[in-house]
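**Student:** To be precise about what I am sending: the file is called input.tsv and holds TSV, C-alpha atoms.
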chain	number	residue	atom	x	y	z
A	1	MET	CA	-8.58	11.08	-2.43
A	2	ILE	CA	-12.06	10.40	-3.81
A	3	SER	CA	-14.80	10.89	-1.21
A	4	ASN	CA	-17.85	10.43	-3.42
A	5	PRO	CA	-18.48	6.83	-4.56
A	6	ARG	CA	-20.17	8.13	-7.71
A	7	LEU	CA	-16.74	9.29	-8.85
A	8	LEU	CA	-15.31	5.77	-8.66
A	9	ALA	CA	-14.45	3.88	-11.82
A	10	PRO	CA	-17.51	1.78	-12.77
A	11	GLU	CA	-15.74	-1.51	-12.07
A	12	LEU	CA	-15.09	-0.44	-8.47
A	13	ARG	CA	-18.63	0.51	-7.50
A	14	PRO	CA	-19.87	-3.05	-6.75
A	15	ILE	CA	-16.76	-3.62	-4.62
A	16	PHE	CA	-17.36	-0.34	-2.79
A	17	ASP	CA	-20.92	-1.46	-2.04
A	18	LYS	CA	-19.67	-4.77	-0.64
A	19	VAL	CA	-17.05	-3.16	1.57
A	20	ALA	CA	-19.40	-0.42	2.79
A	21	ALA	CA	-21.85	-3.16	3.80
A	22	GLY	CA	-19.14	-5.12	5.59
A	23	THR	CA	-19.26	-7.98	3.08
A	24	ARG	CA	-16.12	-9.95	2.26
A	25	ILE	CA	-14.77	-9.45	-1.27
A	26	SER	CA	-14.06	-12.38	-3.59
A	27	ASP	CA	-10.90	-13.37	-5.44
A	28	ALA	CA	-12.50	-12.00	-8.62
A	29	ASP	CA	-13.03	-8.68	-6.85
A	30	ALA	CA	-9.37	-8.64	-5.84
A	31	MET	CA	-8.35	-9.21	-9.45
A	32	THR	CA	-10.52	-6.25	-10.43
A	33	LEU	CA	-8.79	-4.11	-7.82
A	34	TYR	CA	-5.38	-5.08	-9.20
A	35	ALA	CA	-6.47	-4.41	-12.78
A	36	THR	CA	-8.07	-0.98	-12.37
A	37	ARG	CA	-6.19	2.24	-13.04
A	38	ASP	CA	-8.33	4.07	-10.49
A	39	ILE	CA	-5.70	3.96	-7.73
A	40	ASN	CA	-7.40	6.67	-5.67
A	41	GLY	CA	-10.66	4.75	-5.85
A	42	VAL	CA	-8.94	1.62	-4.51
A	43	GLY	CA	-7.38	3.75	-1.79
A	44	MET	CA	-10.74	5.19	-0.79
A	45	ILE	CA	-12.24	1.72	-0.44
A	46	ALA	CA	-9.20	0.56	1.56
A	47	ASN	CA	-9.63	3.51	3.91
A	48	ILE	CA	-13.16	2.42	4.71
A	49	VAL	CA	-11.71	-0.79	6.12
A	50	ARG	CA	-8.81	0.98	7.81
A	51	GLU	CA	-10.99	3.47	9.62
A	52	ARG	CA	-13.55	0.84	10.58
A	53	ILE	CA	-10.85	-1.21	12.30
A	54	ASN	CA	-8.35	1.39	13.51
A	55	GLY	CA	-10.03	4.79	13.49
A	56	LYS	CA	-7.68	7.72	12.88
A	57	VAL	CA	-4.73	6.23	14.77
A	58	ALA	CA	-1.56	5.10	13.01
A	59	THR	CA	1.13	3.28	14.94
A	60	TYR	CA	4.82	2.45	15.02
A	61	ILE	CA	7.10	0.37	17.25
A	62	HIS	CA	10.39	1.32	18.90
A	63	ASN	CA	12.53	-1.66	17.97
A	64	ARG	CA	15.99	-2.81	17.00
A	65	TYR	CA	16.96	-5.29	14.30
A	66	VAL	CA	19.63	-7.91	14.78
A	67	ASN	CA	20.80	-10.31	12.09
A	68	TYR	CA	22.83	-12.88	14.00
A	69	SER	CA	24.35	-14.42	10.85
A	70	ASN	CA	23.83	-14.53	7.11
A	71	VAL	CA	25.46	-17.93	6.68
A	72	CYS	CA	22.78	-20.08	5.07
A	73	LEU	CA	22.29	-23.55	3.62
A	74	LEU	CA	19.96	-22.14	0.97
A	75	SER	CA	20.73	-20.05	-2.12
A	76	CYS	CA	17.47	-18.22	-2.84
A	77	GLN	CA	17.60	-16.51	-6.22
A	78	PHE	CA	16.16	-13.21	-4.96
A	79	CYS	CA	18.39	-12.98	-1.87
A	80	ALA	CA	21.55	-10.89	-1.58
A	81	PHE	CA	21.75	-11.46	2.17
A	82	GLY	CA	22.53	-15.18	2.44
A	83	ALA	CA	26.10	-16.43	2.16
A	84	LYS	CA	28.25	-19.52	2.42
A	85	LYS	CA	30.91	-19.54	5.11
A	86	ARG	CA	33.68	-18.98	2.56
A	87	ASP	CA	32.00	-15.93	0.99
A	88	GLU	CA	33.57	-12.54	1.54
A	89	HIS	CA	30.32	-10.99	2.81
A	90	ALA	CA	29.56	-13.83	5.27
A	91	PHE	CA	29.25	-12.82	8.93
A	92	GLU	CA	28.36	-14.42	12.25
A	93	LEU	CA	27.87	-12.54	15.52
A	94	ALA	CA	28.80	-14.00	18.87
A	95	ALA	CA	26.00	-14.29	21.43
A	96	PRO	CA	27.70	-11.90	23.93
A	97	GLU	CA	28.05	-9.33	21.13
A	98	ILE	CA	24.33	-9.54	20.34
A	99	ILE	CA	23.39	-9.27	24.02
A	100	ALA	CA	25.63	-6.20	24.44
A	101	THR	CA	24.08	-4.58	21.36
A	102	VAL	CA	20.56	-5.12	22.68
A	103	LYS	CA	21.56	-3.88	26.13
A	104	ASP	CA	22.68	-0.61	24.55
A	105	ALA	CA	19.45	-0.36	22.56
A	106	LEU	CA	17.37	-0.83	25.70
A	107	LYS	CA	18.84	2.43	26.98
A	108	LEU	CA	17.13	4.10	24.02
A	109	GLY	CA	13.76	2.69	25.10
A	110	ILE	CA	13.17	-0.11	22.60
A	111	THR	CA	10.37	-2.56	23.39
A	112	GLU	CA	11.23	-5.23	20.80
A	113	ILE	CA	14.25	-6.99	19.37
A	114	HIS	CA	13.59	-8.32	15.87
A	115	MET	CA	16.09	-11.07	15.10
A	116	VAL	CA	16.47	-13.29	12.03
A	117	GLY	CA	19.34	-14.95	10.20
A	118	GLY	CA	20.20	-17.63	7.69
A	119	LEU	CA	19.95	-21.40	8.12
A	120	HIS	CA	23.31	-21.74	9.81
A	121	PRO	CA	24.82	-25.20	9.27
A	122	THR	CA	26.84	-25.53	12.49
A	123	LEU	CA	25.49	-23.38	15.33
A	124	PRO	CA	24.44	-25.81	18.13
A	125	ALA	CA	21.15	-25.89	19.99
A	126	SER	CA	22.83	-24.53	23.12
A	127	TRP	CA	23.85	-21.36	21.23
A	128	TYR	CA	20.24	-20.44	20.44
A	129	LEU	CA	18.98	-21.22	23.93
A	130	GLU	CA	21.76	-19.33	25.68
A	131	LEU	CA	21.19	-16.34	23.40
A	132	LEU	CA	17.46	-16.26	24.15
A	133	GLN	CA	18.12	-16.65	27.87
A	134	GLY	CA	20.69	-13.85	27.80
A	135	LEU	CA	18.33	-11.50	25.98
A	136	ARG	CA	15.42	-12.28	28.29
A	137	ALA	CA	17.63	-11.62	31.32
A	138	LEU	CA	18.24	-8.06	30.12
A	139	ASP	CA	14.62	-6.99	30.55
A	140	LYS	CA	11.62	-9.20	31.23
A	141	ASN	CA	9.39	-6.75	29.34
A	142	LEU	CA	11.47	-6.86	26.14
A	143	ILE	CA	9.68	-8.85	23.43
A	144	ILE	CA	12.04	-11.13	21.52
A	145	LYS	CA	10.55	-11.46	18.05
A	146	ALA	CA	12.74	-13.88	16.18
A	147	PHE	CA	13.07	-16.51	13.47
A	148	THR	CA	11.17	-16.97	10.25
A	149	ALA	CA	9.14	-20.10	9.60
A	150	VAL	CA	11.99	-21.68	7.62
A	151	GLU	CA	14.39	-20.94	10.49
A	152	ALA	CA	11.96	-22.59	12.90
A	153	ARG	CA	11.83	-25.71	10.70
A	154	HIS	CA	15.63	-25.70	10.40
A	155	LEU	CA	15.95	-25.55	14.18
A	156	ALA	CA	13.43	-28.37	14.62
A	157	ASP	CA	14.77	-30.68	11.90
A	158	ARG	CA	18.53	-30.09	11.98
A	159	VAL	CA	19.48	-28.40	15.24
A	160	PHE	CA	17.24	-29.58	18.08
A	161	LYS	CA	16.06	-32.66	16.18
A	162	LEU	CA	12.65	-32.43	17.82
A	163	PRO	CA	9.09	-32.19	16.48
A	164	LEU	CA	8.12	-28.67	15.41
A	165	ARG	CA	5.71	-28.04	18.30
A	166	GLU	CA	8.24	-29.18	20.88
A	167	THR	CA	10.91	-26.98	19.33
A	168	LEU	CA	8.65	-23.92	19.36
A	169	ALA	CA	7.69	-24.62	22.97
A	170	LEU	CA	11.35	-24.93	23.95
A	171	LEU	CA	12.19	-21.64	22.25
A	172	ARG	CA	9.23	-19.96	23.94
A	173	ASP	CA	10.19	-21.32	27.34
A	174	ASN	CA	13.63	-19.77	26.90
A	175	GLY	CA	12.40	-16.32	25.92
A	176	LEU	CA	10.92	-16.28	22.41
A	177	GLY	CA	7.89	-13.98	22.43
A	178	ALA	CA	6.81	-13.93	18.77
A	179	ILE	CA	7.92	-15.34	15.43
A	180	THR	CA	8.36	-13.21	12.33
A	181	GLY	CA	6.41	-13.39	9.09
A	182	GLY	CA	9.39	-13.61	6.76
A	183	GLY	CA	9.95	-16.34	4.21
A	184	ALA	CA	6.42	-16.35	2.82
A	185	GLU	CA	7.61	-14.76	-0.47
A	186	ILE	CA	4.89	-15.86	-2.96
A	187	PHE	CA	3.12	-19.11	-2.09
A	188	ASP	CA	2.59	-20.46	-5.62
A	189	PRO	CA	4.85	-23.54	-6.00
A	190	GLU	CA	5.97	-22.74	-9.55
A	191	ILE	CA	7.04	-19.25	-8.52
A	192	ARG	CA	8.82	-20.58	-5.43
A	193	ALA	CA	10.72	-23.04	-7.59
A	194	LYS	CA	12.10	-20.11	-9.58
A	195	ILE	CA	12.85	-17.57	-6.85
A	196	CYS	CA	13.61	-19.67	-3.75
A	197	LYS	CA	14.17	-23.25	-4.83
A	198	GLY	CA	14.73	-25.55	-1.87
A	199	LYS	CA	12.98	-23.29	0.63
A	200	GLU	CA	10.02	-24.57	2.60
A	201	THR	CA	6.71	-24.92	0.74
A	202	ALA	CA	3.71	-22.69	1.34
A	203	GLU	CA	2.14	-25.50	3.35
A	204	GLU	CA	5.26	-25.88	5.48
A	205	TRP	CA	5.38	-22.12	6.12
A	206	ALA	CA	1.72	-22.19	7.14
A	207	GLU	CA	2.25	-25.21	9.42
A	208	VAL	CA	4.77	-23.28	11.51
A	209	HIS	CA	2.43	-20.33	11.98
A	210	ARG	CA	-0.60	-22.54	12.53
A	211	THR	CA	1.26	-24.49	15.21
A	212	TRP	CA	2.48	-21.30	16.90
A	213	HIS	CA	-1.04	-19.87	16.87
A	214	GLU	CA	-2.48	-23.09	18.30
A	215	MET	CA	-0.05	-22.64	21.18
A	216	GLY	CA	-1.80	-19.35	21.94
A	217	GLU	CA	0.91	-17.18	20.37
A	218	HIS	CA	0.94	-14.56	17.61
A	219	SER	CA	2.93	-13.72	14.51
A	220	THR	CA	2.94	-11.46	11.48
A	221	CYS	CA	2.69	-12.46	7.82
A	222	THR	CA	4.31	-11.10	4.67
A	223	MET	CA	4.40	-11.15	0.88
A	224	LEU	CA	7.33	-10.46	-1.45
A	225	TYR	CA	5.98	-9.02	-4.70
A	226	GLY	CA	7.23	-7.24	-7.79
A	227	HIS	CA	9.35	-10.00	-9.35
A	228	ILE	CA	7.95	-12.67	-11.67
A	229	GLU	CA	4.57	-13.19	-10.02
A	230	THR	CA	1.23	-12.18	-11.58
A	231	ASP	CA	-1.78	-10.54	-10.00
A	232	ALA	CA	-3.37	-14.00	-9.77
A	233	HIS	CA	-0.39	-15.24	-7.75
A	234	ARG	CA	-0.78	-12.32	-5.36
A	235	VAL	CA	-4.48	-13.02	-4.89
A	236	ASP	CA	-3.73	-16.71	-4.27
A	237	HIS	CA	-1.19	-15.66	-1.64
A	238	LEU	CA	-3.66	-13.35	0.09
A	239	ARG	CA	-6.37	-16.01	-0.02
A	240	ARG	CA	-4.15	-18.54	1.76
A	241	LEU	CA	-3.35	-16.01	4.47
A	242	ARG	CA	-7.00	-15.08	4.90
A	243	GLU	CA	-8.02	-18.73	5.18
A	244	LEU	CA	-5.32	-19.44	7.77
A	245	GLN	CA	-6.38	-16.38	9.74
A	246	ASP	CA	-10.00	-17.57	9.61
A	247	ASP	CA	-8.81	-20.80	11.25
A	248	THR	CA	-6.42	-19.44	13.88
A	249	GLY	CA	-6.82	-15.68	14.34
A	250	GLY	CA	-3.12	-15.53	15.18
A	251	PHE	CA	-1.82	-13.00	12.68
A	252	THR	CA	-1.53	-9.50	14.14
A	253	GLY	CA	-0.44	-7.70	10.98
A	254	PHE	CA	0.42	-8.06	7.30
A	255	ILE	CA	3.63	-6.60	5.86
A	256	PRO	CA	4.06	-6.71	2.06
A	257	PHE	CA	7.31	-5.52	0.53
A	258	ALA	CA	8.66	-5.16	-2.97
A	259	PHE	CA	11.50	-7.21	-4.45
A	260	GLU	CA	14.86	-5.39	-4.51
A	261	PRO	CA	16.39	-6.33	-7.89
A	262	ASP	CA	19.85	-4.78	-7.55
A	263	GLY	CA	21.35	-7.57	-5.47
A	264	ALA	CA	19.48	-10.50	-7.01
A	265	ARG	CA	21.18	-13.50	-8.55
A	266	PRO	CA	21.40	-13.64	-12.37
A	267	VAL	CA	18.08	-15.42	-12.96
A	268	LEU	CA	16.22	-12.40	-11.55
A	269	LYS	CA	18.51	-9.65	-12.79
A	270	GLY	CA	17.03	-6.91	-14.95
A	271	ILE	CA	13.63	-6.76	-13.27
A	272	LEU	CA	12.54	-3.20	-12.62
A	273	HIS	CA	11.63	-2.21	-9.08
A	274	ALA	CA	7.91	-1.91	-8.39
A	275	THR	CA	6.60	1.60	-9.04
A	276	ALA	CA	5.06	3.78	-6.37
A	277	PHE	CA	1.71	3.24	-8.08
A	278	GLU	CA	2.10	-0.52	-7.77
A	279	GLU	CA	3.23	-0.35	-4.16
A	280	LEU	CA	0.31	1.81	-3.07
A	281	ARG	CA	-2.16	-0.37	-4.95
A	282	ASN	CA	-0.78	-3.56	-3.42
A	283	LEU	CA	-1.10	-2.14	0.08
A	284	ALA	CA	-4.65	-0.97	-0.60
A	285	VAL	CA	-5.77	-4.26	-2.14
A	286	SER	CA	-4.26	-6.12	0.81
A	287	ARG	CA	-6.21	-3.94	3.24
A	288	ILE	CA	-9.47	-4.58	1.44
A	289	TYR	CA	-8.98	-8.32	0.96
A	290	LEU	CA	-7.52	-9.23	4.37
A	291	ASP	CA	-10.61	-8.22	6.29
A	292	ASN	CA	-9.68	-10.50	9.20
A	293	ILE	CA	-6.16	-9.14	9.82
A	294	ASP	CA	-6.43	-5.92	11.78
A	295	HIS	CA	-3.26	-4.15	10.72
A	296	ILE	CA	-1.47	-3.40	7.46
A	297	THR	CA	2.12	-2.22	7.83
A	298	ALA	CA	3.99	-0.07	5.33
A	299	TYR	CA	7.61	-1.23	5.49
A	300	TRP	CA	9.38	2.10	5.08
A	301	ILE	CA	12.74	0.34	4.64
A	302	SER	CA	11.41	-0.84	1.28
A	303	LEU	CA	9.07	2.03	0.41
A	304	GLY	CA	11.03	4.96	1.79
A	305	LEU	CA	9.38	7.09	4.48
A	306	PRO	CA	7.69	9.60	2.09
A	307	LEU	CA	5.82	6.85	0.21
A	308	ALA	CA	5.08	5.00	3.46
A	309	GLN	CA	3.58	8.24	4.78
A	310	LEU	CA	1.43	8.54	1.64
A	311	SER	CA	0.27	4.95	2.09
A	312	LEU	CA	-1.51	6.00	5.28
A	313	ASN	CA	-4.17	7.27	2.87
A	314	TYR	CA	-4.30	3.92	1.05
A	315	GLY	CA	-5.43	1.64	3.85
A	316	VAL	CA	-2.23	1.45	5.91
A	317	ASP	CA	-2.40	2.03	9.67
A	318	ASP	CA	1.18	1.21	10.76
A	319	LEU	CA	4.65	2.46	9.76
A	320	HIS	CA	6.59	-0.44	11.29
A	321	GLY	CA	9.35	0.82	13.55
A	322	THR	CA	12.51	2.69	14.33
A	323	ILE	CA	14.29	-0.54	13.26
A	324	ILE	CA	17.93	0.55	13.90
A	325	GLU	CA	20.36	-1.22	11.53
A	326	GLU	CA	18.48	-3.18	8.87
A	327	LYS	CA	20.71	-5.39	6.70
A	328	ILE	CA	18.65	-7.71	4.49
A	329	PHE	CA	17.08	-5.08	2.21
A	330	HIS	CA	20.15	-2.87	2.21
A	331	MET	CA	22.40	-5.75	1.15
A	332	ALA	CA	19.90	-6.27	-1.68
A	333	GLY	CA	20.31	-2.68	-2.83
A	334	ALA	CA	17.83	-0.58	-0.82
A	335	LYS	CA	18.94	3.07	-0.57
A	336	THR	CA	16.63	4.07	2.29
A	337	PRO	CA	17.97	5.00	5.76
A	338	GLN	CA	18.67	2.17	8.19
A	339	GLN	CA	16.67	3.65	11.03
A	340	GLN	CA	14.13	6.32	11.92
A	341	THR	CA	13.60	8.23	15.14
A	342	MET	CA	10.33	8.09	17.01
A	343	GLU	CA	9.98	11.81	16.29
A	344	SER	CA	10.34	11.33	12.51
A	345	LEU	CA	7.73	8.57	12.47
A	346	GLU	CA	5.29	10.61	14.55
A	347	LYS	CA	5.85	13.64	12.32
A	348	ALA	CA	5.13	11.57	9.20
A	349	ILE	CA	1.95	10.21	10.76
A	350	ARG	CA	0.66	13.62	11.82
A	351	GLU	CA	1.43	15.14	8.42
A	352	ALA	CA	-0.71	12.40	6.86
A	353	GLY	CA	-3.66	13.44	9.01
A	354	ARG	CA	-3.43	10.53	11.44
A	355	ILE	CA	-2.90	10.37	15.19
A	356	PRO	CA	0.44	8.73	16.07
A	357	MET	CA	0.70	6.12	18.80
A	358	GLN	CA	3.51	3.81	19.80
A	359	ARG	CA	2.61	0.12	19.82
A	360	ASN	CA	4.12	-3.11	21.09
A	361	SER	CA	5.00	-6.28	19.15
A	362	PHE	CA	1.35	-7.35	19.06
A	363	TYR	CA	0.06	-4.03	17.68
A	364	GLU	CA	-1.36	-3.12	21.08
A	365	ARG	CA	-1.23	0.63	21.61
A	366	ILE	CA	1.08	1.90	24.32
A	367	ALA	CA	-0.23	4.61	26.65
A	368	ALA	CA	-0.60	7.89	24.80
A	369	THR	CA	1.21	11.09	25.60
A	370	ALA	CA	-0.87	14.02	26.81
A	371	ALA	CA	-0.71	15.58	23.34
A	372	THR	CA	-1.88	12.38	21.67
A	373	ALA	CA	-4.61	11.89	24.25
A	374	SER	CA	-6.01	15.32	23.39
A	375	GLU	CA	-5.90	14.44	19.68
A	376	LEU	CA	-7.85	11.25	20.38
A	377	VAL	CA	-10.49	13.16	22.32
A	378	ALA	CA	-10.79	15.71	19.52
A	379	ALA	CA	-11.14	12.94	16.93
Produce structure tokens that represent the structure in this file.
**Tutor:**
Amino acid sequence: MISNPRLLAPELRPIFDKVAAGTRISDADAMTLYATRDINGVGMIANIVRERINGKVATYIHNRYVNYSNVCLLSCQFCAFGAKKRDEHAFELAAPEIIATVKDALKLGITEIHMVGGLHPTLPASWYLELLQGLRALDKNLIIKAFTAVEARHLADRVFKLPLRETLALLRDNGLGAITGGGAEIFDPEIRAKICKGKETAEEWAEVHRTWHEMGEHSTCTMLYGHIETDAHRVDHLRRLRELQDDTGGFTGFIPFAFEPDGARPVLKGILHATAFEELRNLAVSRIYLDNIDHITAYWISLGLPLAQLSLNYGVDDLHGTIIEEKIFHMAGAKTPQQQTMESLEKAIREAGRIPMQRNSFYERIAATAATASELVAA
């Protein structure tokens, strides 16, 4: 990694000066970062921001994924997960089955259940409330992170038939601790019309998160890249997130992930998967541009753990979690493992020259072990 700014590509030096001075970069600067071939230079600038915010610590969460159903009213062109009830790969878990699964995972020490599904056409309001109540009863300290913005709108409009804020409050009162960042994809309306026609608009996605933040709660945000979008579309996406964060301060972390082409519907078939170069650059640009979101997560399910580990030198400060049984990316064709141990994540972090710490759903660091405490003192 470059450590001398004089070795940066000439087009990066003004951006380095801005970031070193703590000045926000512009959209034009972001386009320059996407265009340059000096990937190590972009990584060096991203690491200035990373270290300023997070020091030498890199985090992970001990969590379990649950997909309660993939039955969905929508037919997003990029999605291999969603299904109609008659489809062979359709599934729907019973609430007691989900509760039993989470109960078993709690014995392993998880602190979060991450739960999303499709827009199910027939599950009643009582099913969702009883599920949340059952999960909360297992352990009052377990954070239930569930539902994307489009799921929240589906629940408000079709299931509970209540205004969005009232629906979110009802879900929170019954155990919901955080909402997920999924469904953002790319915000540009023309791109959305081609890859997820019929899904909520960028404004509707933002309304859910804005409302949740105004209620004093927190969420993450995402971007799906590496399909038919351009660099300008990515910058537009990041700008909208940065502006929303300026208004609410409710995003705890940003999680970009690359499109998985293998399971896509015909309109998106034949697109090559994003290269490692592109994935590292996108993470680094995100770190530099999103100066008001404290954490950038490398989603190892998409990247693979070796590349996620490398990304810790390109502005990333979080490796997501142990996860345990991810379905959405694997049904789309991902070949990565479906879970990691805490030991493997900590090993990857240490090998990258960072100090590993477990975190909770809100990126708050959990008490360090004696070994980690000594590392922190030494740092």
**Student:** Determine the nearest neighbour of Arg359 of chain A from the options A:Ile110, A:Leu33, A:Leu244, A:Ile39, counting only C-alpha atoms.
**Tutor:**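 The closest residue to Arg359 of chain A is A:Ile110.
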**Student:** Interatomic distance between atom CA of Glu260 of chain A and atom CA of His273 of chain A?
**Tutor:** 6.4 Å
**Student:** One decimal, in Å: what's the spacing between atom CA of Met31 of chain A and atom CA of Met44 of chain A?
**Tutor:**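 Between atom CA of Met31 of chain A and atom CA of Met44 of chain A the gap is 17.0 Å.
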**Student:** For each of A:Thr122, A:Val150, A:Glu51, A:Leu176, take the minimum atom-to-atom distance to Leu135 of chain A, counting only C-alpha atoms, then give the residue where this is smallest.
**Tutor:** A:Leu176
**Student:** A:Leu280, A:Leu224, A:Ile301, A:Leu164: which is nearest Glu204 of chain A, counting only C-alpha atoms?
**Tutor:**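 So, comparing all the options, the nearest one is A:Leu164.
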**Student:** Find the residues around segment 206-212 of chain A up to 10 Å (all atoms listed in the file counted), leave out those fewer than 5 positions away in its own chain, and share them as a PyMOL selection string.
**Tutor:** chain A and resi 148-153+164-165+168-169+172+178-181+184+187+200-201+217-221+240-241+244-245+247-251
**Student:** Skipping near chain neighbours, those fewer than 2 positions away, what residues fall within 12 Å of Leu170 of chain A using only C-alpha atoms, listed as an mmCIF file with C-alpha atoms, in the coordinates of the input?
**Tutor:**
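The new file out.cif reads:
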data_model
loop_
_atom_site.group_PDB
_atom_site.id
_atom_site.type_symbol
_atom_site.label_atom_id
_atom_site.label_comp_id
_atom_site.auth_asym_id
_atom_site.auth_seq_id
_atom_site.Cartn_x
_atom_site.Cartn_y
_atom_site.Cartn_z
ATOM 1 C CA ALA A 125 21.150 -25.890 19.990
ATOM 2 C CA SER A 126 22.830 -24.530 23.120
ATOM 3 C CA TYR A 128 20.240 -20.440 20.440
ATOM 4 C CA LEU A 129 18.980 -21.220 23.930
ATOM 5 C CA GLU A 130 21.760 -19.330 25.680
ATOM 6 C CA LEU A 132 17.460 -16.260 24.150
ATOM 7 C CA GLN A 133 18.120 -16.650 27.870
ATOM 8 C CA ALA A 152 11.960 -22.590 12.900
ATOM 9 C CA LEU A 155 15.950 -25.550 14.180
ATOM 10 C CA ALA A 156 13.430 -28.370 14.620
ATOM 11 C CA PHE A 160 17.240 -29.580 18.080
ATOM 12 C CA LYS A 161 16.060 -32.660 16.180
ATOM 13 C CA LEU A 162 12.650 -32.430 17.820
ATOM 14 C CA PRO A 163 9.090 -32.190 16.480
ATOM 15 C CA LEU A 164 8.120 -28.670 15.410
ATOM 16 C CA ARG A 165 5.710 -28.040 18.300
ATOM 17 C CA GLU A 166 8.240 -29.180 20.880
ATOM 18 C CA THR A 167 10.910 -26.980 19.330
ATOM 19 C CA LEU A 168 8.650 -23.920 19.360
ATOM 20 C CA ARG A 172 9.230 -19.960 23.940
ATOM 21 C CA ASP A 173 10.190 -21.320 27.340
ATOM 22 C CA ASN A 174 13.630 -19.770 26.900
ATOM 23 C CA GLY A 175 12.400 -16.320 25.920
ATOM 24 C CA LEU A 176 10.920 -16.280 22.410
ATOM 25 C CA GLY A 177 7.890 -13.980 22.430
ATOM 26 C CA TRP A 212 2.480 -21.300 16.900
ATOM 27 C CA MET A 215 -0.050 -22.640 21.180
#
